[in-house]
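Single-structure report; data block below.
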Amino acid sequence: GQTCAAWELCLVDDGSRDPAVRAELRAAVAHDERVRLVERPVAGGIVVASNQALGLATGEFVALLDHDDRLHPEALTLVDAALRAAPDVDYLYTDEDKIADDGTVYDTFLKPEWSPERLRAQNYCTHLSVLRRSLVEDVGRFRHGFDGSQDHDLILRVTERARRIQHVPAVLYHWCVTPGSAAADPDAKPYAREAGRRAVADHVDRVGIDAEVEHLATPGHYRVRRHLPDPAPSVSIVVPTVGTSRPVWGVTRPLVLGAVRSVRAVTTYPGDVEVVVVADPATPTADLDELAELGVTVVAGAGPFNFSARCNEGVAAGHGDIVVLLNDDVVVEQPDWLDVVVGFFGERDVGVVGTRLVYADGTLQHGGILLNEQPLHIFHGFAGSDPGPFGLLQIDREVSAVTGACLATPRWLYEELGGLPTEFAIAFNDLDYCLRVRAGGRRVVWTPHATLYHFESQTRRPDAERHEIELLYGRWSCELRHDPYGNPGFAPRQAVWLPAERAGVRAALRHRWRRRRQ
């Protein structure tokens with residue numbers, strides 16, 4: 001039962017052939033006047049049945065509950081409290097988990113706050129979804145032809161028009177895993193996969209995103225492949241360097257030359273691309289001469305190395321519509337990486353785009369930055385093929401920040417914000433820039449569909465100065481302790497989506513393992 005008494009249960013028997021089922025439903029109606037029932041003589045499918053259930057509803061909000069799942073006893077009480085606290089909420093969703101036949105709880109999904117890019121890539125909201133009924137009626141209820149992904153389609157249409165979207169960070173919905181259910185086997189309903197793709201394709205058309213929607217390998221996950229405008233925006237790639245030479249895949253070479261050569265040789269972007277290298281005084285003359293032969297604009301950096309100042313000097317020397325900050329220890333091997341990155345800027349609310357970065361051995365270096373009492377690279381050091389929990393590392397999504405090793409942003413926005421903050425000479429300049437972008441209401445997007453190799457910290461030491469740390473926490477203390485794309489249920493100071501209740505077990509196992517090795 002529910003601790004909240006203000007509910008009605010709208011049931012549709014969609015042509016059940018089991019007399020026991022119909023008898024059970026009729027008994028529920030007789031027992032509680034809040035239970036309403038429609039008995040269909042023949043099955044009409046999930047969309048028809050769901051729309052009939054909506055026709056029974058009289059409440060201000062409707063919550064979607066599958067017939068074989070469960071709600072937490074406090075679910076409606078907590079939902080009611082959230083709705084009363086924010087009367088303009090039109091859509092609300094909660095965290096969820098799965099329960100096996102033997103009672104085992106698994107796949108606890110601790111979700112982020114509202115993340116429109118992620119909803120295009122997967123129906124991460126799913127359960128429990130609570131929607132303002134008048135808005136559901138306005139958008140036309142569930143649509144025929146989207147069976148299996150009818151909820152994803154409805155959520156997309158409702159959130160396009162919602163005044164406010166609210167996440168309740170509590171596991172209030174339990175998927176009960178039964179044979180043949182989508183919870184047990186994502187391939188159980190193959191028709192749902194294509195319905196979901198079409199739902200996202202219709203959505204991008206409605207909101208004016210020029211793109212194709214493609215299936216990813218994981219059922220129910222999609223890629224929105226943006227089209228570039230014609231002509232494509234011009235791009236300035238800005239590369240600060242101190243002229244270091246180091247081994248890269250076993251060959252010692254000047255890092256900046258390797259980065260620039262790879263950009264020039266591999267990138268197939270259809271628009272104008274200029275490369276601006278801001279060179280430290282220590283950069284060898286031979287390297288500068290070769291950069292000139294490669295058609296690169298070389299800017300002489302003066303004074304002690306300051307990454308922010310070097311980037312700002314390089315941006316000022318360039319002319320591209322889009323600025324890409326690129327470390328000199330990066331190597332490009334994906335021809336369309338820049339097409340992918342620039343494509344996002346067709347949406348005015350996108351302020352920064354970051355890419356997937358991997359080490360030389362293919363392990364993950366950068367999957368976005370999570371702010372969890374400190375800034376952390378998401379799933380740093382994990383296998384490059386690891387999809388992450390719920391496909392996190394395979395889909396486009398919003399993050400709080402991305403690394404300046406490969407950071408793209410519109411020139412007008414970079415100039416409006418004053419570029420990178422020179423008070424952060426070595427560390428946190430990228431984080432500060434991203435947080436200022438987000439403070440202005442724009443999104444920071446990380447994409448796995450553009451991958452570069454990063455030989456991290458081969459050009460400068462990675463350690464932050466103490467004054468930089470103090471400045472960061474003095475300026476962004478609240479943001480560092482609340483990442484909207486994390487979850488309050490996470491264990492602190494980690495970026496591997498570890499729930500807090502499991503952190504103690506993990507620490508104990510690690511301690512035991514260390515003692516055995518001693």
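To be explicit about the labels: the chains of the structure tokens are called A, B, and onward in the order shown, and within each one the residues are counted from 1, while ligands get numbers from 1 in the order they are shown.
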Tell me, as a VMD selection string, which residues lie within 10 Å of Gly103 (chain A), counting only C-alpha atoms; anything in the same chain fewer than 4 positions away does not count. chain A and resid 98 to 99 176 to 177
Within 10 Å of region 335-346 of chain A, which residues of region 419-494 of chain A come that close, and what is the closest atom pair and distance in Å for each? Count only C-alpha atoms and give it as a tab-separated table.
residue	atom	partner	partner_atom	distance
A:Val445	CA	A:Phe344	CA	8.3
A:Trp446	CA	A:Val341	CA	9.2
A:Thr447	CA	A:Val341	CA	7.9
A:Pro448	CA	A:Val340	CA	9.7
A:His449	CA	A:Val340	CA	7.0
A:Ala450	CA	A:Trp337	CA	4.7
A:Thr451	CA	A:Trp337	CA	6.9
A:Leu452	CA	A:Trp337	CA	8.1
Closest-contact table, region 412-495 of chain A side, partner region 318-324 of chain A, 10 Å, counting only C-alpha atoms, as JSON lines:
{"residue": "A:Trp412", "atom": "CA", "partner": "A:Asp321", "partner_atom": "CA", "distance": 7.6}
{"residue": "A:Leu413", "atom": "CA", "partner": "A:Ile322", "partner_atom": "CA", "distance": 9.5}
{"residue": "A:Tyr414", "atom": "CA", "partner": "A:Val323", "partner_atom": "CA", "distance": 8.0}
Could you save the residues just selected, with C-alpha atoms, as a PDB file, in the first residue's frame?
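Final output, out_21.pdb:
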ATOM      1  CA  TRP A 412      31.391  34.736 -29.435  1.00  0.00           C
ATOM      2  CA  LEU A 413      30.805  32.943 -26.124  1.00  0.00           C
ATOM      3  CA  TYR A 414      34.522  32.593 -25.382  1.00  0.00           C
TER       4      TYR A 414
END
Polymer residues at most 12 Å from Gly362 (chain A), only C-alpha atoms, same-chain spacing of 6 or more positions, as a VMD selection string: chain A and resid 249 356 380 to 386 451 to 455
Quick one: distance from CA of Phe424 (chain A) to CA of Leu480 (chain A) in Å, one decimal?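 Answer for the CA of Phe424 (chain A) to CA of Leu480 (chain A) separation: 16.5 Å.
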Could you jot down the CA of Ser149 (chain A) to CA of Ala195 (chain A) separation for me, Å, one decimal place?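 Separating CA of Ser149 (chain A) from CA of Ala195 (chain A) is a distance of 5.7 Å.
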At a cut-off of 6 Å, using only C-alpha atoms, what residues contact region 299-307 of chain A? Leave out same-chain residues fewer than 2 positions from it and give the result as a list in words.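 Listing them by chain and then by number gives Val278, Ala279, Asp280, Ala309, Arg310, Ala425 and Ile426 of chain A.
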Pick from A:Phe142, A:Arg348, A:Leu110, A:Pro87, whichever lies nearest to Val207 (chain A) using only C-alpha atoms: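 Result for the nearest residue to Val207 (chain A): A:Arg348.
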Long-range neighbours of Tyr222 (chain A) as a list in words, 7 Å cut-off, only C-alpha atoms, 5 positions minimum in chain: Ala121, Gln122, Arg197, Val213, Glu214, His215 and Leu216 of chain A
Output file for the selection above: N, CA and C atoms, as an mmCIF file, in the first residue's frame:
data_model
loop_
_atom_site.group_PDB
_atom_site.id
_atom_site.type_symbol
_atom_site.label_atom_id
_atom_site.label_comp_id
_atom_site.auth_asym_id
_atom_site.auth_seq_id
_atom_site.Cartn_x
_atom_site.Cartn_y
_atom_site.Cartn_z
ATOM 1 N N ALA A 121 19.286 10.051 -26.296
ATOM 2 C CA ALA A 121 20.114 8.861 -26.483
ATOM 3 C C ALA A 121 19.505 7.618 -25.850
ATOM 4 N N GLN A 122 18.727 7.797 -24.800
ATOM 5 C CA GLN A 122 18.084 6.668 -24.123
ATOM 6 C C GLN A 122 16.961 7.207 -23.248
ATOM 7 N N ARG A 197 13.595 4.684 -31.934
ATOM 8 C CA ARG A 197 14.376 5.495 -32.874
ATOM 9 C C ARG A 197 13.477 6.502 -33.577
ATOM 10 N N VAL A 213 18.829 9.983 -36.854
ATOM 11 C CA VAL A 213 18.862 9.212 -35.614
ATOM 12 C C VAL A 213 19.171 7.767 -35.960
ATOM 13 N N GLU A 214 20.186 7.235 -35.313
ATOM 14 C CA GLU A 214 20.675 5.891 -35.622
ATOM 15 C C GLU A 214 20.636 5.010 -34.381
ATOM 16 N N HIS A 215 20.491 3.707 -34.613
ATOM 17 C CA HIS A 215 20.588 2.746 -33.521
ATOM 18 C C HIS A 215 22.046 2.603 -33.084
ATOM 19 N N LEU A 216 22.258 2.481 -31.779
ATOM 20 C CA LEU A 216 23.540 2.036 -31.257
ATOM 21 C C LEU A 216 23.451 0.536 -30.989
#
One number please: CA of Val62 (chain A) to CA of Arg132 (chain A), in Å, one decimal. 6.4 Å
Counting only C-alpha atoms, the residue of A:Leu420, A:Ala43, A:Leu371, A:Leu92 that sits nearest Arg481 (chain A):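 Of A:Leu420, A:Ala43, A:Leu371, A:Leu92, the one nearest Arg481 (chain A) is A:Leu371, counting only C-alpha atoms.
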Selected residue, from A:Asp66, A:Glu290, A:Asp80, A:Glu74, that lies nearest to His127 (chain A) when counting only C-alpha atoms: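 Nearest to His127 (chain A): A:Asp66.
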Looking only at the backbone, which of the residues in region 96-247 of chain A does DSSP tag as strand (DSSP E or B), as a PyMOL selection string? chain A and resi 96-99+105-109+129-132+164-176+211-215+222-226+235-241+245-247
Next, dump the selected residues to file, keeping only C-alpha atoms, as a PDB file, in the first residue's frame.
ATOM      1  CA  GLU A  96      14.563   2.926  -9.973  1.00  0.00           C
ATOM      2  CA  ASP A  97      15.926  -0.589  -9.557  1.00  0.00           C
ATOM      3  CA  LYS A  98      15.131  -4.163 -10.581  1.00  0.00           C
ATOM      4  CA  ILE A  99      13.955  -7.092  -8.453  1.00  0.00           C
ATOM      5  CA  VAL A 105      17.721  -6.195  -5.959  1.00  0.00           C
ATOM      6  CA  TYR A 106      20.082  -5.106  -8.738  1.00  0.00           C
ATOM      7  CA  ASP A 107      20.617  -2.510 -11.476  1.00  0.00           C
ATOM      8  CA  THR A 108      19.921   0.386  -9.137  1.00  0.00           C
ATOM      9  CA  PHE A 109      19.678   3.384 -11.444  1.00  0.00           C
ATOM     10  CA  SER A 129       7.274   8.979 -14.570  1.00  0.00           C
ATOM     11  CA  VAL A 130       4.643  11.452 -13.346  1.00  0.00           C
ATOM     12  CA  LEU A 131       3.075  13.810 -15.897  1.00  0.00           C
ATOM     13  CA  ARG A 132       0.620  16.699 -15.642  1.00  0.00           C
ATOM     14  CA  ARG A 164       9.672  22.654 -15.203  1.00  0.00           C
ATOM     15  CA  ILE A 165      11.075  19.131 -15.013  1.00  0.00           C
ATOM     16  CA  GLN A 166      11.811  17.650 -11.599  1.00  0.00           C
ATOM     17  CA  HIS A 167      13.928  14.679 -10.539  1.00  0.00           C
ATOM     18  CA  VAL A 168      13.287  13.019  -7.178  1.00  0.00           C
ATOM     19  CA  PRO A 169      16.572  11.284  -6.257  1.00  0.00           C
ATOM     20  CA  ALA A 170      15.086   8.266  -4.519  1.00  0.00           C
ATOM     21  CA  VAL A 171      14.456   4.688  -5.672  1.00  0.00           C
ATOM     22  CA  LEU A 172      10.663   4.711  -5.744  1.00  0.00           C
ATOM     23  CA  TYR A 173      10.027   2.243  -8.575  1.00  0.00           C
ATOM     24  CA  HIS A 174      10.915  -1.443  -8.697  1.00  0.00           C
ATOM     25  CA  TRP A 175      10.984  -3.289 -12.023  1.00  0.00           C
ATOM     26  CA  CYS A 176       9.969  -6.858 -11.332  1.00  0.00           C
ATOM     27  CA  ALA A 211      20.054  15.262 -37.773  1.00  0.00           C
ATOM     28  CA  GLU A 212      19.672  11.581 -38.477  1.00  0.00           C
ATOM     29  CA  VAL A 213      18.862   9.212 -35.614  1.00  0.00           C
ATOM     30  CA  GLU A 214      20.675   5.891 -35.622  1.00  0.00           C
ATOM     31  CA  HIS A 215      20.588   2.746 -33.521  1.00  0.00           C
ATOM     32  CA  TYR A 222      20.434   5.977 -30.069  1.00  0.00           C
ATOM     33  CA  ARG A 223      22.796   8.416 -31.680  1.00  0.00           C
ATOM     34  CA  VAL A 224      21.628  11.770 -32.991  1.00  0.00           C
ATOM     35  CA  ARG A 225      24.039  12.417 -35.842  1.00  0.00           C
ATOM     36  CA  ARG A 226      23.892  16.166 -36.481  1.00  0.00           C
ATOM     37  CA  VAL A 235      37.151  26.570 -36.870  1.00  0.00           C
ATOM     38  CA  SER A 236      40.232  27.777 -35.002  1.00  0.00           C
ATOM     39  CA  ILE A 237      42.197  24.968 -33.336  1.00  0.00           C
ATOM     40  CA  VAL A 238      44.401  26.499 -30.648  1.00  0.00           C
ATOM     41  CA  VAL A 239      47.375  24.458 -29.413  1.00  0.00           C
ATOM     42  CA  PRO A 240      49.577  25.784 -26.581  1.00  0.00           C
ATOM     43  CA  THR A 241      53.000  24.137 -26.429  1.00  0.00           C
ATOM     44  CA  SER A 245      59.594  15.835 -27.182  1.00  0.00           C
ATOM     45  CA  ARG A 246      58.527  12.507 -25.689  1.00  0.00           C
ATOM     46  CA  PRO A 247      57.927   8.896 -26.797  1.00  0.00           C
TER      47      PRO A 247
END
Using DSSP assignments from the backbone, pull out every residue in region 150-305 of chain A that falls under alpha helix (DSSP H) and give it to me as a ChimeraX atom specification. /A:150-161,190-207,255-266,285-293
When distances are computed from only C-alpha atoms, which of A:Gly367, A:Gly220, A:Thr77, A:Ser134 shows the smallest separation from Tyr91 (chain A)?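 Ranked by minimum distance to Tyr91 (chain A), first place goes to A:Ser134.
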